[in-house]
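For reference, the structure discussed in these notes is given below.
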Amino acid sequence: MLVLVLDTATPAITAAVAEITPTDVRIQAERVTVDGKKHGELLAPQIDAALAEAGVKPRELTAIVAGVGPGPFTGLRVGLMTAAAIADALGIPTYAVCSLDGLGATTSGTALVATDARRREVYWAAYAEGQRVDGPHVAKPADVGQTVADHAVGEGARKYADQLGLAVGAEAPDYPSAEWLARLAASRVRENAPSERLTPLYLRRPDAVEPGAPKKVS
Amino acid sequence: MKSEPLVLGIETSCDETGVGIVRGHTLLGEALASSVDEHARFGGVVPEVASRAHLEAMIPTMQRALDQAGVTLADVDAIAVTAGPGLAGALLVGVAAAKGYALAAEKPIYGVNHLAAHVAVDTLEHGPLPEPAVALLVSGGHSSLLLVNDLARGVTPLGATIDDAAGEAFDKVARLLGLPFPGGPWIDKAARDGDGEAIAFPRGLTAPKDLATHRYDFSFSGLKTAVARWVETREKAREPVPVADVAASFQEAVCDVLTTKAIDACRANGIETLVIGGGVAANSRLRALAEHRAAKHGIAVRVPRPKLCTDNGAMVAALGSHLVASGVAPSRLDLPADSAMPLTLVVA
Ligand SMILES: [Zn+2]
């Protein structure tokens, strides 16, 4: 079974074609560009390139696996809108994976996954032997401390290592791994589970201020 | 001979998620989802709220449009999408959707200019546009006068607002008068019972010295302030505010300037067709005044029905269809959403 894997919850714009066999998950082609401002431009060409390299036509895809964040809104939406449109056009299911799990699943021991939430905050979740046990949340790095973790991974962990007070682990990549996102959805793909709505994990409300009461006139 | 192009259009530049399907100059199907109610309590469109709503509305809106048109994605010749101008985050959702559909269905994609699409939509109602033409586009986001020599290749901006958009002025004055958002329809309604000549509100950029440098430009900020001051003076004096007269006089000032400059642009360029588009084109006084003044100079006014004047997917499909028929090359898959897309660019 051939699946398209997308993640745009971090500055890494990730598109991959994965083959899911009854026993394994193999990445056939992958394109990753790290550019926090180019999701809208680069994601579609990268999908096109990954499909071409894998020698796969869009209509040969069985499902789409997408990282649903948390992540900066604009880039995240590009990924989820693209995924939903491709799936709608092809009539195939979509499966959602928490983007932080694409990092956390590779960790051992107790680990904190942190990505950059901008505004001097991090998106974070805690893992025990690769299983998420807390999160996802958004918080100031200094406020994450209560979490029991012996090390941290992810771009946010590196950027805010001082404030998090945790050693940065080397076992996980800085950004969600397409292979792990595919692995986390593999059983759903194999079982042809019902399609899941790709709802972004925003974790923040829109910034909008209601103005004062309108002027009363008779 | 090949039949006329079947084009699907996607629009998300502001708070309307629109999908339209057009064959040639015929509208086959159209669906619209609006987040306007979610913005009402903020008194204006909140970009992040609009972007979130587009993402939620896109797939169901697409399905409704396809169902109504009785076609499938496989049938369409191209997918057109608004690439700009508009709210950056909102545009990105539409462009991402268009890329996804185009990529999956293996169709060419056209990232088009929203303002040119406002002009093109008239072809769905009145057939091919006589060129050259002058277009007056007025909405909450834009107030522009354009010279349309060849809609497939580029449009020449003649003038634009130097401060507020016309529709924005309607919203602000409505708020001042305690009328709901969006203000346009409410001002129009209130004005019907009022006297447009009751209060002499200022006409921005119409004095001779302004005309020398801003012949085709607009300014509505001074008008808005004048209305606010006038209302405030009444309130301070504890006198009732005649809402109908204020609405009518404000509306008259806006429509007077818009039509005067539009007709001037037609006459100065020897043009006999004036197209009016954008949400404010739904204003009854603007339509009546434009027709009255144009008739004196033998100028034909083309205004599509109100539903096509406001932002929608059909306008994008209409422009896309015109581009395909004109042999214009499609955009690349890395086409950006450009919140400030210039009018000289019809296709990104
Ligand atoms: Zn518009």
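Residue numbering restarts at 1 for every chain of the structure tokens, chains are lettered A, B, ... in their displayed order, and ligands are numbered from 1 as they appear.
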*Specify as a ChimeraX atom specification all residues of chain B found within 8 Å of chain A, counting only C-alpha atoms.*
/B:41-43,46,48-49,55,59,73,89,92-93,95-101,103-105,175-178,235,240-241,333-337
Near Ala149 in chain A, within 9 Å and counting only C-alpha atoms, which residues show up once chain neighbours fewer than 4 positions away are dropped, as a compact mmCIF listing (two decimals) with all heavy atoms, in the first residue's frame?
# COMPACT_ATOMS: atom_id res chain seq x y z
N GLY A 109 13.46 6.05 27.14
CA GLY A 109 13.43 6.62 28.49
C GLY A 109 12.29 7.61 28.58
O GLY A 109 11.28 7.49 27.89
N THR A 110 12.45 8.62 29.46
CA THR A 110 11.44 9.67 29.54
C THR A 110 11.98 10.88 28.81
O THR A 110 13.08 11.37 29.11
CB THR A 110 11.11 10.04 30.99
OG1 THR A 110 12.31 10.45 31.63
CG2 THR A 110 10.49 8.86 31.73
N ALA A 111 11.21 11.33 27.81
CA ALA A 111 11.72 12.39 26.96
C ALA A 111 10.68 13.49 26.79
O ALA A 111 9.47 13.24 26.82
CB ALA A 111 12.09 11.82 25.59
N LEU A 112 11.19 14.69 26.63
CA LEU A 112 10.34 15.83 26.32
C LEU A 112 10.58 16.19 24.86
O LEU A 112 11.73 16.29 24.44
CB LEU A 112 10.73 17.01 27.21
CG LEU A 112 9.94 18.28 26.94
CD1 LEU A 112 8.66 18.27 27.77
CD2 LEU A 112 10.76 19.52 27.24
N ALA A 126 5.27 15.05 26.49
CA ALA A 126 6.21 14.18 27.20
C ALA A 126 5.97 12.73 26.79
O ALA A 126 4.83 12.31 26.56
CB ALA A 126 6.03 14.34 28.70
N TYR A 127 7.05 11.97 26.72
CA TYR A 127 7.00 10.58 26.24
C TYR A 127 7.70 9.65 27.23
O TYR A 127 8.69 10.03 27.85
CB TYR A 127 7.66 10.46 24.86
CG TYR A 127 6.88 11.21 23.80
CD1 TYR A 127 7.01 12.59 23.70
CD2 TYR A 127 5.98 10.56 22.96
CE1 TYR A 127 6.26 13.31 22.78
CE2 TYR A 127 5.22 11.26 22.03
CZ TYR A 127 5.37 12.64 21.95
OH TYR A 127 4.61 13.33 21.04
N ALA A 128 7.14 8.45 27.36
CA ALA A 128 7.81 7.40 28.13
C ALA A 128 7.98 6.21 27.19
O ALA A 128 6.98 5.68 26.68
CB ALA A 128 6.98 7.02 29.35
N GLY A 145 9.03 22.97 33.09
CA GLY A 145 9.88 22.25 34.03
C GLY A 145 9.28 21.14 34.86
O GLY A 145 9.96 20.15 35.15
N LEU A 166 17.06 20.90 30.35
CA LEU A 166 17.22 19.47 30.02
C LEU A 166 18.29 19.30 28.97
O LEU A 166 18.42 20.12 28.06
CB LEU A 166 15.89 18.91 29.48
CG LEU A 166 14.74 18.75 30.47
CD1 LEU A 166 13.45 18.44 29.72
CD2 LEU A 166 15.06 17.65 31.49
*Which of range 29-203 of chain A counts as strand (DSSP E) under DSSP, as number ranges by chain please?*
A: 29-34, 63-67, 94-97, 110-116, 122-128, 131-139, 151-153
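Near ligand 1, at a distance of at most 7 Å and with only C-alpha atoms and all ligand atoms counted, sit the residues His114, Leu115, His118, Ser139, Gly141, His142, Gly278, Thr310 and Asp311 of chain B.
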Pull N, CA and C atoms from the residues just selected and write them as a PDB file, in the first residue's frame.
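Dumped everything to selection-v1.pdb:
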ATOM      1  N   HIS B 114      -7.406  38.492  -8.105  1.00  0.00           N
ATOM      2  CA  HIS B 114      -8.769  38.641  -7.585  1.00  0.00           C
ATOM      3  C   HIS B 114      -9.527  39.807  -8.243  1.00  0.00           C
ATOM      4  N   LEU B 115      -8.840  40.903  -8.465  1.00  0.00           N
ATOM      5  CA  LEU B 115      -9.512  42.071  -9.037  1.00  0.00           C
ATOM      6  C   LEU B 115      -9.889  41.827 -10.497  1.00  0.00           C
ATOM      7  N   HIS B 118     -12.993  39.920 -10.530  1.00  0.00           N
ATOM      8  CA  HIS B 118     -14.195  40.737 -10.317  1.00  0.00           C
ATOM      9  C   HIS B 118     -14.688  41.323 -11.650  1.00  0.00           C
ATOM     10  N   SER B 139     -15.331  47.478  -2.833  1.00  0.00           N
ATOM     11  CA  SER B 139     -15.752  46.499  -1.826  1.00  0.00           C
ATOM     12  C   SER B 139     -15.136  46.890  -0.493  1.00  0.00           C
ATOM     13  N   GLY B 141     -12.602  45.574   0.675  1.00  0.00           N
ATOM     14  CA  GLY B 141     -11.155  45.435   0.552  1.00  0.00           C
ATOM     15  C   GLY B 141     -10.547  46.297  -0.532  1.00  0.00           C
ATOM     16  N   HIS B 142     -11.335  46.671  -1.528  1.00  0.00           N
ATOM     17  CA  HIS B 142     -10.748  47.432  -2.635  1.00  0.00           C
ATOM     18  C   HIS B 142     -11.651  48.550  -3.132  1.00  0.00           C
ATOM     19  N   GLY B 278     -17.528  44.157  -7.210  1.00  0.00           N
ATOM     20  CA  GLY B 278     -17.217  44.253  -5.779  1.00  0.00           C
ATOM     21  C   GLY B 278     -18.499  44.398  -4.981  1.00  0.00           C
ATOM     22  N   THR B 310     -20.216  40.248  -5.089  1.00  0.00           N
ATOM     23  CA  THR B 310     -19.428  39.959  -3.896  1.00  0.00           C
ATOM     24  C   THR B 310     -18.479  38.803  -4.207  1.00  0.00           C
ATOM     25  N   ASP B 311     -17.512  38.566  -3.333  1.00  0.00           N
ATOM     26  CA  ASP B 311     -16.498  37.543  -3.600  1.00  0.00           C
ATOM     27  C   ASP B 311     -17.150  36.157  -3.728  1.00  0.00           C
TER      28      ASP B 311
END
*asked:* Set the distance at 8 Å and use only C-alpha atoms: which residues neighbour Ala318 in chain B once local chain neighbours fewer than 2 positions away are removed? I'd like the list as an MDAnalysis selection string.
replied: chainID B and resid 7 9 22 24:25 117 120:121 123:124 314:316 320:322
Saved selection, atoms kept: all heavy atoms, as a short mmCIF file (atom, residue, chain, number, x, y, z; two decimals), in the first residue's frame:
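Dumped to again.cif:
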data_model
loop_
_atom_site.label_atom_id
_atom_site.label_comp_id
_atom_site.auth_asym_id
_atom_site.auth_seq_id
_atom_site.Cartn_x
_atom_site.Cartn_y
_atom_site.Cartn_z
N VAL B 7 -13.86 25.13 -16.38
CA VAL B 7 -12.87 25.55 -15.38
C VAL B 7 -13.51 25.65 -14.00
O VAL B 7 -14.63 26.14 -13.85
CB VAL B 7 -12.21 26.90 -15.76
CG1 VAL B 7 -11.25 27.37 -14.69
CG2 VAL B 7 -11.50 26.77 -17.11
N GLY B 9 -13.12 27.21 -10.20
CA GLY B 9 -12.47 28.35 -9.56
C GLY B 9 -12.61 28.30 -8.05
O GLY B 9 -13.67 27.92 -7.53
N VAL B 22 -17.44 26.85 -14.30
CA VAL B 22 -17.87 27.61 -15.45
C VAL B 22 -17.46 26.89 -16.73
O VAL B 22 -16.37 26.34 -16.80
CB VAL B 22 -17.21 29.02 -15.40
CG1 VAL B 22 -17.24 29.70 -16.74
CG2 VAL B 22 -17.88 29.89 -14.33
N GLY B 24 -16.99 28.09 -20.54
CA GLY B 24 -17.04 29.29 -21.37
C GLY B 24 -17.54 30.46 -20.55
O GLY B 24 -16.89 30.88 -19.59
N HIS B 25 -18.70 30.99 -20.93
CA HIS B 25 -19.30 32.10 -20.18
C HIS B 25 -20.52 31.64 -19.39
O HIS B 25 -21.33 32.46 -18.97
CB HIS B 25 -19.69 33.24 -21.12
CG HIS B 25 -18.54 33.81 -21.88
ND1 HIS B 25 -17.42 34.29 -21.26
CD2 HIS B 25 -18.32 33.98 -23.21
CE1 HIS B 25 -16.57 34.72 -22.17
NE2 HIS B 25 -17.09 34.53 -23.36
N ALA B 117 -10.60 39.02 -11.64
CA ALA B 117 -11.73 38.09 -11.57
C ALA B 117 -13.04 38.84 -11.32
O ALA B 117 -14.09 38.46 -11.86
CB ALA B 117 -11.49 37.05 -10.47
N ALA B 120 -13.99 39.85 -14.69
CA ALA B 120 -14.35 38.73 -15.57
C ALA B 120 -15.73 38.16 -15.26
O ALA B 120 -16.40 37.64 -16.15
CB ALA B 120 -13.30 37.62 -15.44
N VAL B 121 -16.16 38.27 -14.02
CA VAL B 121 -17.43 37.63 -13.63
C VAL B 121 -18.61 38.19 -14.42
O VAL B 121 -19.61 37.52 -14.64
CB VAL B 121 -17.67 37.77 -12.11
CG1 VAL B 121 -18.10 39.17 -11.72
CG2 VAL B 121 -18.69 36.74 -11.62
N THR B 123 -18.85 38.54 -17.45
CA THR B 123 -19.07 37.78 -18.70
C THR B 123 -20.09 36.67 -18.49
O THR B 123 -20.71 36.22 -19.44
CB THR B 123 -17.75 37.16 -19.22
OG1 THR B 123 -17.24 36.26 -18.23
CG2 THR B 123 -16.71 38.23 -19.51
N LEU B 124 -20.26 36.23 -17.23
CA LEU B 124 -21.24 35.18 -16.97
C LEU B 124 -22.66 35.72 -17.11
O LEU B 124 -23.60 34.97 -17.35
CB LEU B 124 -21.06 34.62 -15.55
CG LEU B 124 -19.70 34.00 -15.22
CD1 LEU B 124 -19.68 33.50 -13.78
CD2 LEU B 124 -19.39 32.87 -16.18
N ALA B 314 -17.23 31.65 -8.65
CA ALA B 314 -17.59 31.75 -10.06
C ALA B 314 -16.73 32.79 -10.78
O ALA B 314 -16.36 32.61 -11.94
CB ALA B 314 -19.07 32.10 -10.20
N MET B 315 -16.40 33.89 -10.08
CA MET B 315 -15.62 34.94 -10.72
C MET B 315 -14.21 34.43 -11.07
O MET B 315 -13.66 34.78 -12.11
CB MET B 315 -15.54 36.18 -9.83
CG MET B 315 -14.85 36.00 -8.50
SD MET B 315 -15.16 37.44 -7.42
CE MET B 315 -13.47 38.01 -7.17
N VAL B 316 -13.68 33.59 -10.21
CA VAL B 316 -12.34 33.04 -10.44
C VAL B 316 -12.39 32.05 -11.60
O VAL B 316 -11.52 32.03 -12.47
CB VAL B 316 -11.82 32.37 -9.15
CG1 VAL B 316 -10.43 31.79 -9.36
CG2 VAL B 316 -11.83 33.36 -8.00
N GLY B 320 -10.56 32.21 -15.17
CA GLY B 320 -9.80 31.04 -15.59
C GLY B 320 -10.22 30.57 -16.98
O GLY B 320 -9.39 30.27 -17.84
N SER B 321 -11.52 30.52 -17.19
CA SER B 321 -12.04 30.08 -18.48
C SER B 321 -11.58 31.02 -19.60
O SER B 321 -11.20 30.58 -20.69
CB SER B 321 -13.58 30.05 -18.39
OG SER B 321 -14.15 30.10 -19.65
N HIS B 322 -11.60 32.33 -19.30
CA HIS B 322 -11.13 33.31 -20.29
C HIS B 322 -9.64 33.11 -20.59
O HIS B 322 -9.21 33.21 -21.74
CB HIS B 322 -11.40 34.71 -19.74
CG HIS B 322 -11.03 35.82 -20.68
ND1 HIS B 322 -11.66 36.00 -21.90
CD2 HIS B 322 -10.10 36.80 -20.59
CE1 HIS B 322 -11.12 37.04 -22.52
NE2 HIS B 322 -10.17 37.54 -21.74
#
Mind listing the alpha helix (DSSP H) residues of range 31-155 of chain A, per DSSP on the backbone, as a PDB file with N, CA, C and O atoms, in the first residue's frame?
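Okay, states.pdb is ready:
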ATOM      1  N   HIS A  39       6.089  27.172   3.105  1.00  0.00           N
ATOM      2  CA  HIS A  39       5.225  25.991   3.033  1.00  0.00           C
ATOM      3  C   HIS A  39       4.275  26.066   1.844  1.00  0.00           C
ATOM      4  O   HIS A  39       4.100  25.101   1.110  1.00  0.00           O
ATOM      5  N   GLY A  40       3.673  27.255   1.672  1.00  0.00           N
ATOM      6  CA  GLY A  40       2.673  27.432   0.612  1.00  0.00           C
ATOM      7  C   GLY A  40       3.251  27.217  -0.765  1.00  0.00           C
ATOM      8  O   GLY A  40       2.588  26.706  -1.662  1.00  0.00           O
ATOM      9  N   GLU A  41       4.480  27.625  -0.941  1.00  0.00           N
ATOM     10  CA  GLU A  41       5.096  27.476  -2.253  1.00  0.00           C
ATOM     11  C   GLU A  41       5.666  26.087  -2.486  1.00  0.00           C
ATOM     12  O   GLU A  41       5.506  25.508  -3.541  1.00  0.00           O
ATOM     13  N   LEU A  42       6.356  25.559  -1.482  1.00  0.00           N
ATOM     14  CA  LEU A  42       7.180  24.377  -1.725  1.00  0.00           C
ATOM     15  C   LEU A  42       6.498  23.029  -1.515  1.00  0.00           C
ATOM     16  O   LEU A  42       6.956  22.017  -2.059  1.00  0.00           O
ATOM     17  N   LEU A  43       5.447  22.973  -0.708  1.00  0.00           N
ATOM     18  CA  LEU A  43       4.895  21.653  -0.397  1.00  0.00           C
ATOM     19  C   LEU A  43       4.433  20.906  -1.649  1.00  0.00           C
ATOM     20  O   LEU A  43       4.820  19.747  -1.865  1.00  0.00           O
ATOM     21  N   ALA A  44       3.617  21.538  -2.476  1.00  0.00           N
ATOM     22  CA  ALA A  44       3.076  20.842  -3.656  1.00  0.00           C
ATOM     23  C   ALA A  44       4.175  20.365  -4.614  1.00  0.00           C
ATOM     24  O   ALA A  44       4.158  19.203  -5.042  1.00  0.00           O
ATOM     25  N   PRO A  45       5.148  21.232  -4.962  1.00  0.00           N
ATOM     26  CA  PRO A  45       6.236  20.735  -5.820  1.00  0.00           C
ATOM     27  C   PRO A  45       6.997  19.567  -5.180  1.00  0.00           C
ATOM     28  O   PRO A  45       7.461  18.660  -5.880  1.00  0.00           O
ATOM     29  N   GLN A  46       7.139  19.606  -3.856  1.00  0.00           N
ATOM     30  CA  GLN A  46       7.849  18.499  -3.189  1.00  0.00           C
ATOM     31  C   GLN A  46       7.041  17.195  -3.262  1.00  0.00           C
ATOM     32  O   GLN A  46       7.618  16.115  -3.410  1.00  0.00           O
ATOM     33  N   ILE A  47       5.725  17.302  -3.144  1.00  0.00           N
ATOM     34  CA  ILE A  47       4.886  16.111  -3.289  1.00  0.00           C
ATOM     35  C   ILE A  47       5.067  15.556  -4.702  1.00  0.00           C
ATOM     36  O   ILE A  47       5.269  14.357  -4.905  1.00  0.00           O
ATOM     37  N   ASP A  48       5.003  16.472  -5.661  1.00  0.00           N
ATOM     38  CA  ASP A  48       5.159  16.094  -7.065  1.00  0.00           C
ATOM     39  C   ASP A  48       6.493  15.384  -7.280  1.00  0.00           C
ATOM     40  O   ASP A  48       6.564  14.335  -7.930  1.00  0.00           O
ATOM     41  N   ALA A  49       7.555  15.944  -6.696  1.00  0.00           N
ATOM     42  CA  ALA A  49       8.896  15.373  -6.866  1.00  0.00           C
ATOM     43  C   ALA A  49       9.016  14.012  -6.184  1.00  0.00           C
ATOM     44  O   ALA A  49       9.623  13.078  -6.728  1.00  0.00           O
ATOM     45  N   ALA A  50       8.424  13.899  -4.990  1.00  0.00           N
ATOM     46  CA  ALA A  50       8.503  12.621  -4.271  1.00  0.00           C
ATOM     47  C   ALA A  50       7.742  11.537  -5.029  1.00  0.00           C
ATOM     48  O   ALA A  50       8.221  10.401  -5.162  1.00  0.00           O
ATOM     49  N   LEU A  51       6.574  11.888  -5.560  1.00  0.00           N
ATOM     50  CA  LEU A  51       5.794  10.920  -6.340  1.00  0.00           C
ATOM     51  C   LEU A  51       6.576  10.498  -7.585  1.00  0.00           C
ATOM     52  O   LEU A  51       6.651   9.307  -7.917  1.00  0.00           O
ATOM     53  N   ALA A  52       7.178  11.485  -8.245  1.00  0.00           N
ATOM     54  CA  ALA A  52       7.930  11.187  -9.471  1.00  0.00           C
ATOM     55  C   ALA A  52       9.111  10.271  -9.169  1.00  0.00           C
ATOM     56  O   ALA A  52       9.351   9.281  -9.874  1.00  0.00           O
ATOM     57  N   GLU A  53       9.839  10.579  -8.092  1.00  0.00           N
ATOM     58  CA  GLU A  53      11.004   9.755  -7.762  1.00  0.00           C
ATOM     59  C   GLU A  53      10.588   8.330  -7.409  1.00  0.00           C
ATOM     60  O   GLU A  53      11.269   7.371  -7.762  1.00  0.00           O
ATOM     61  N   ALA A  54       9.439   8.208  -6.733  1.00  0.00           N
ATOM     62  CA  ALA A  54       8.953   6.873  -6.361  1.00  0.00           C
ATOM     63  C   ALA A  54       8.288   6.169  -7.545  1.00  0.00           C
ATOM     64  O   ALA A  54       7.958   4.987  -7.456  1.00  0.00           O
ATOM     65  N   PHE A  73       0.322  28.280  12.738  1.00  0.00           N
ATOM     66  CA  PHE A  73      -0.935  28.038  12.026  1.00  0.00           C
ATOM     67  C   PHE A  73      -0.844  28.026  10.509  1.00  0.00           C
ATOM     68  O   PHE A  73      -1.433  27.170   9.854  1.00  0.00           O
ATOM     69  N   THR A  74      -0.141  29.005   9.975  1.00  0.00           N
ATOM     70  CA  THR A  74      -0.188  29.183   8.529  1.00  0.00           C
ATOM     71  C   THR A  74       0.394  27.985   7.791  1.00  0.00           C
ATOM     72  O   THR A  74      -0.219  27.444   6.873  1.00  0.00           O
ATOM     73  N   GLY A  75       1.570  27.569   8.223  1.00  0.00           N
ATOM     74  CA  GLY A  75       2.209  26.425   7.585  1.00  0.00           C
ATOM     75  C   GLY A  75       1.418  25.151   7.811  1.00  0.00           C
ATOM     76  O   GLY A  75       1.243  24.330   6.904  1.00  0.00           O
ATOM     77  N   LEU A  76       0.919  24.994   9.025  1.00  0.00           N
ATOM     78  CA  LEU A  76       0.137  23.813   9.370  1.00  0.00           C
ATOM     79  C   LEU A  76      -1.076  23.683   8.455  1.00  0.00           C
ATOM     80  O   LEU A  76      -1.368  22.611   7.915  1.00  0.00           O
ATOM     81  N   ARG A  77      -1.761  24.807   8.253  1.00  0.00           N
ATOM     82  CA  ARG A  77      -2.954  24.770   7.388  1.00  0.00           C
ATOM     83  C   ARG A  77      -2.612  24.403   5.960  1.00  0.00           C
ATOM     84  O   ARG A  77      -3.387  23.710   5.299  1.00  0.00           O
ATOM     85  N   VAL A  78      -1.479  24.883   5.472  1.00  0.00           N
ATOM     86  CA  VAL A  78      -1.080  24.543   4.097  1.00  0.00           C
ATOM     87  C   VAL A  78      -1.010  23.028   3.950  1.00  0.00           C
ATOM     88  O   VAL A  78      -1.544  22.447   3.004  1.00  0.00           O
ATOM     89  N   GLY A  79      -0.360  22.371   4.909  1.00  0.00           N
ATOM     90  CA  GLY A  79      -0.214  20.922   4.838  1.00  0.00           C
ATOM     91  C   GLY A  79      -1.546  20.196   4.918  1.00  0.00           C
ATOM     92  O   GLY A  79      -1.824  19.287   4.130  1.00  0.00           O
ATOM     93  N   LEU A  80      -2.401  20.628   5.853  1.00  0.00           N
ATOM     94  CA  LEU A  80      -3.662  19.914   6.049  1.00  0.00           C
ATOM     95  C   LEU A  80      -4.654  20.191   4.929  1.00  0.00           C
ATOM     96  O   LEU A  80      -5.420  19.303   4.541  1.00  0.00           O
ATOM     97  N   MET A  81      -4.632  21.408   4.401  1.00  0.00           N
ATOM     98  CA  MET A  81      -5.521  21.711   3.262  1.00  0.00           C
ATOM     99  C   MET A  81      -5.087  20.931   2.028  1.00  0.00           C
ATOM    100  O   MET A  81      -5.918  20.387   1.307  1.00  0.00           O
ATOM    101  N   THR A  82      -3.781  20.877   1.803  1.00  0.00           N
ATOM    102  CA  THR A  82      -3.268  20.131   0.653  1.00  0.00           C
ATOM    103  C   THR A  82      -3.620  18.652   0.788  1.00  0.00           C
ATOM    104  O   THR A  82      -4.104  18.030  -0.166  1.00  0.00           O
ATOM    105  N   ALA A  83      -3.399  18.106   1.985  1.00  0.00           N
ATOM    106  CA  ALA A  83      -3.698  16.689   2.221  1.00  0.00           C
ATOM    107  C   ALA A  83      -5.180  16.402   1.996  1.00  0.00           C
ATOM    108  O   ALA A  83      -5.551  15.433   1.324  1.00  0.00           O
ATOM    109  N   ALA A  84      -6.034  17.257   2.556  1.00  0.00           N
ATOM    110  CA  ALA A  84      -7.478  17.033   2.430  1.00  0.00           C
ATOM    111  C   ALA A  84      -7.935  17.136   0.980  1.00  0.00           C
ATOM    112  O   ALA A  84      -8.792  16.363   0.538  1.00  0.00           O
ATOM    113  N   ALA A  85      -7.360  18.088   0.233  1.00  0.00           N
ATOM    114  CA  ALA A  85      -7.762  18.259  -1.171  1.00  0.00           C
ATOM    115  C   ALA A  85      -7.327  17.062  -2.014  1.00  0.00           C
ATOM    116  O   ALA A  85      -8.095  16.562  -2.836  1.00  0.00           O
ATOM    117  N   ILE A  86      -6.108  16.598  -1.794  1.00  0.00           N
ATOM    118  CA  ILE A  86      -5.631  15.438  -2.566  1.00  0.00           C
ATOM    119  C   ILE A  86      -6.513  14.225  -2.256  1.00  0.00           C
ATOM    120  O   ILE A  86      -6.951  13.505  -3.158  1.00  0.00           O
ATOM    121  N   ALA A  87      -6.784  14.026  -0.964  1.00  0.00           N
ATOM    122  CA  ALA A  87      -7.606  12.874  -0.566  1.00  0.00           C
ATOM    123  C   ALA A  87      -9.011  12.980  -1.143  1.00  0.00           C
ATOM    124  O   ALA A  87      -9.577  11.992  -1.629  1.00  0.00           O
ATOM    125  N   ASP A  88      -9.570  14.187  -1.124  1.00  0.00           N
ATOM    126  CA  ASP A  88     -10.914  14.391  -1.676  1.00  0.00           C
ATOM    127  C   ASP A  88     -10.924  14.098  -3.175  1.00  0.00           C
ATOM    128  O   ASP A  88     -11.827  13.429  -3.686  1.00  0.00           O
ATOM    129  N   ALA A  89      -9.903  14.599  -3.868  1.00  0.00           N
ATOM    130  CA  ALA A  89      -9.844  14.385  -5.319  1.00  0.00           C
ATOM    131  C   ALA A  89      -9.712  12.901  -5.663  1.00  0.00           C
ATOM    132  O   ALA A  89     -10.255  12.440  -6.666  1.00  0.00           O
ATOM    133  N   LEU A  90      -8.984  12.175  -4.844  1.00  0.00           N
ATOM    134  CA  LEU A  90      -8.723  10.764  -5.140  1.00  0.00           C
ATOM    135  C   LEU A  90      -9.736   9.828  -4.465  1.00  0.00           C
ATOM    136  O   LEU A  90      -9.755   8.629  -4.747  1.00  0.00           O
ATOM    137  N   ASP A 101       4.490  13.432  17.895  1.00  0.00           N
ATOM    138  CA  ASP A 101       4.715  11.988  17.967  1.00  0.00           C
ATOM    139  C   ASP A 101       5.726  11.533  16.905  1.00  0.00           C
ATOM    140  O   ASP A 101       6.394  10.504  17.074  1.00  0.00           O
ATOM    141  N   GLY A 102       5.800  12.296  15.820  1.00  0.00           N
ATOM    142  CA  GLY A 102       6.771  11.979  14.767  1.00  0.00           C
ATOM    143  C   GLY A 102       8.200  12.143  15.251  1.00  0.00           C
ATOM    144  O   GLY A 102       9.144  11.694  14.609  1.00  0.00           O
ATOM    145  N   LEU A 103       8.358  12.794  16.398  1.00  0.00           N
ATOM    146  CA  LEU A 103       9.665  12.897  17.054  1.00  0.00           C
ATOM    147  C   LEU A 103       9.704  11.983  18.275  1.00  0.00           C
ATOM    148  O   LEU A 103      10.656  11.238  18.511  1.00  0.00           O
ATOM    149  N   GLY A 104       8.628  12.051  19.058  1.00  0.00           N
ATOM    150  CA  GLY A 104       8.596  11.343  20.338  1.00  0.00           C
ATOM    151  C   GLY A 104       8.654   9.832  20.203  1.00  0.00           C
ATOM    152  O   GLY A 104       9.203   9.143  21.074  1.00  0.00           O
ATOM    153  N   GLU A 155      13.602  20.753  17.678  1.00  0.00           N
ATOM    154  CA  GLU A 155      14.192  22.072  17.439  1.00  0.00           C
ATOM    155  C   GLU A 155      13.956  23.015  18.610  1.00  0.00           C
ATOM    156  O   GLU A 155      14.793  23.847  18.921  1.00  0.00           O
TER     157      GLU A 155
END
